[in-house]
Every structure is written in C-alpha cells, then in structure tokens.
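These notes concern the structure reproduced below.
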Amino acid sequence: MTQEDRDLDRLVRGRIRALRVAQGWSLEELATRARLSQSTLSRIENGQRRLALDSLVTLARALDTTLDQLVESTTDDVVTSPMVDGNHGTLRWPVRADPGMTVMRQRLTDPPPDQPSRMRAHPGREWLVVLSGTAVLLLGERRLRIETNQAAEFPTMLPHAIGAEGGPCEILGIFDRDARRGHQRGGSEGSPA
C-alpha cells in the first residue's frame, strides 16, 4: 500500500467516525443502522479491518452521505476564484457539493418585466440572497420584495422573473443543474430567474 493509499484509508476511517460522532450516535447505534456488528464497525473505525466497498456503501447510506463524499480525497481547493462572464456581467462559482450546482453573483439595475410573457418556467430549483438593495421576485401571480440579507427559494416550474426596485441591487443566486440548463436554453445564460 502506497503512502497515498494509507492517507486515503486514514481519511475515510476518520470521516466515518466524525460523521457518527456529529450525529451523536454510539458505535452500537451506527452499527444497527448500517446492519453491521458493533465489533466490525469498531474495527473499521480503528483500522483493524480492511475497508470493503460493500461496507463503505452501507455506511455511507447509514450516515446519510454518498460514497463519493465519503472517499473524496481532494482537500487542496478550499478557496476558489469565480469565472467571469463578460457578456452578461456576472461572476460564477462552481459548487462541488452537488454536481451541476452553480453560484452566481449579479448586479441588477432594471425592474422585473411588466409583461407576464417575459417570465420563464423550466425544471429545477433556485435560491437567491440579496446582498444589497431590494430585489423584486415575480413568482406566478405573486410579487415579492426581497430586502438586503433576505433570501428566497423557489421551484422554477412556476413562471418567474427578478429585477431591482428603487435602484441597483446585488444578488447571489444558486441554481441546481436543471435550473441552470433552463436559463441556458432560455437564451440568457447569465441571467437568474
């Protein structure tokens, strides 16, 4: 076993224990949830038992995580820089927590469209936080004011649009994969909502 393999082995065992402790579970409780014996789980955590794929899958499910997250070895990229989309005046950060998630910061200066035909609907889910100013979210028949430090979360199958009220505002939008695709297909790659 190489040093890299030993490091990954130690990392995975430490994650299993840390996730168990974070949930407030004893060895017995996690063993029961994972349908393993308590002694097997103890030997997995302390390195006396080989990490087998079937045990890792079972433990990941019991710990409410994925196998990928349990064995991920990348720890270098803690700080990331945004990608700049000059065509749309946005900054975009990839989010590794969920494949396809995108975070985008945008400055809005125009009010939301006054014509319902300009609202969009597409599969997905969006979240947004107003960093400064006041945003207006049109969501179906509703008109919602979102002030600085307030957030909104909504399914994008509802017709929606967003704009600024009373001057410019800055928002941080989070798009799941389907919402991101819906905006790309809608012809306005950088525009949220």
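So you can find residues: chains in the structure tokens are A, B, ... in the order shown, residues in each start at 1, and ligands are numbered from 1 in order.
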Please identify all polymer residues within 7 Å of Glu28 (chain A), counting only C-alpha atoms, omitting same-chain residues fewer than 3 positions from it, and present them as a PDB file with N, CA and C atoms, in the first residue's frame.
ATOM      1  N   ALA A  31     -23.887   0.951  13.991  1.00  0.00           N
ATOM      2  CA  ALA A  31     -23.804  -0.453  13.562  1.00  0.00           C
ATOM      3  C   ALA A  31     -25.199  -0.998  13.260  1.00  0.00           C
ATOM      4  N   THR A  32     -26.154  -0.665  14.105  1.00  0.00           N
ATOM      5  CA  THR A  32     -27.530  -1.111  13.886  1.00  0.00           C
ATOM      6  C   THR A  32     -28.090  -0.512  12.603  1.00  0.00           C
ATOM      7  N   GLN A  38     -21.319  -4.375  15.947  1.00  0.00           N
ATOM      8  CA  GLN A  38     -20.619  -3.279  16.604  1.00  0.00           C
ATOM      9  C   GLN A  38     -19.110  -3.495  16.552  1.00  0.00           C
TER      10      GLN A  38
END
Applying 10 Å and only C-alpha atoms, which residues near Arg118 (chain A) remain after dropping the ones on its own chain fewer than 3 positions away? List them as a ChimeraX atom specification. /A:112-115,121,159-161
Only C-alpha atoms, please: the residues just picked out, written as a compact mmCIF listing (two decimals), in the first residue's frame.
# COMPACT_ATOMS: atom_id res chain seq x y z
CA PRO A 112 -38.66 42.92 -13.43
CA PRO A 113 -40.51 42.68 -16.75
CA ASP A 114 -44.01 44.10 -16.75
CA GLN A 115 -45.30 41.51 -19.22
CA ALA A 121 -40.68 28.49 -16.31
CA PRO A 159 -43.25 31.32 -14.07
CA HIS A 160 -40.72 33.73 -12.57
CA ALA A 161 -38.62 36.83 -13.17
Residue with smallest distance to Ser55 (chain A) - pool A:Gly140, A:Gly182, A:Trp25, A:Arg13, counting only C-alpha atoms: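 Of the candidates, the smallest distance to Ser55 (chain A) is held by A:Arg13.
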Please list as a ChimeraX atom specification every residue within 9 Å of Gln23 (chain A), counting only C-alpha atoms and excluding residues in the same chain fewer than 4 positions away. /A:18-19,63
Measure the distance from CA of Thr156 (chain A) to CA of Ala135 (chain A) in Å and round it to one decimal.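 Calculated distance between CA of Thr156 (chain A) and CA of Ala135 (chain A) is 17.1 Å.
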Tell me, in Å to one decimal, how far CA of Leu137 (chain A) is from CA of Ala164 (chain A). 8.8 Å
Here is a test: counting only C-alpha atoms, which residue of A:Thr148, A:Thr66, A:Gln3, A:Thr102 is nearest to Gly173 (chain A)?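 Going through A:Thr148, A:Thr66, A:Gln3, A:Thr102 one by one, the smallest distance to Gly173 (chain A) is for A:Thr102.
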Near Arg50 (chain A), within 12 Å and counting only C-alpha atoms, which residues show up once chain neighbours fewer than 2 positions away are dropped, as a ChimeraX atom specification? /A:6,9-10,12-13,40-48,52-56
Do you know which residues are at most 10 Å from Gly167 (chain A) counting only C-alpha atoms, after dropping those on the same chain fewer than 5 positions away, and could you put them as a list in words? Leu108, Thr109, Asp110, Pro111, Gly133, Thr134 and Ala135 of chain A
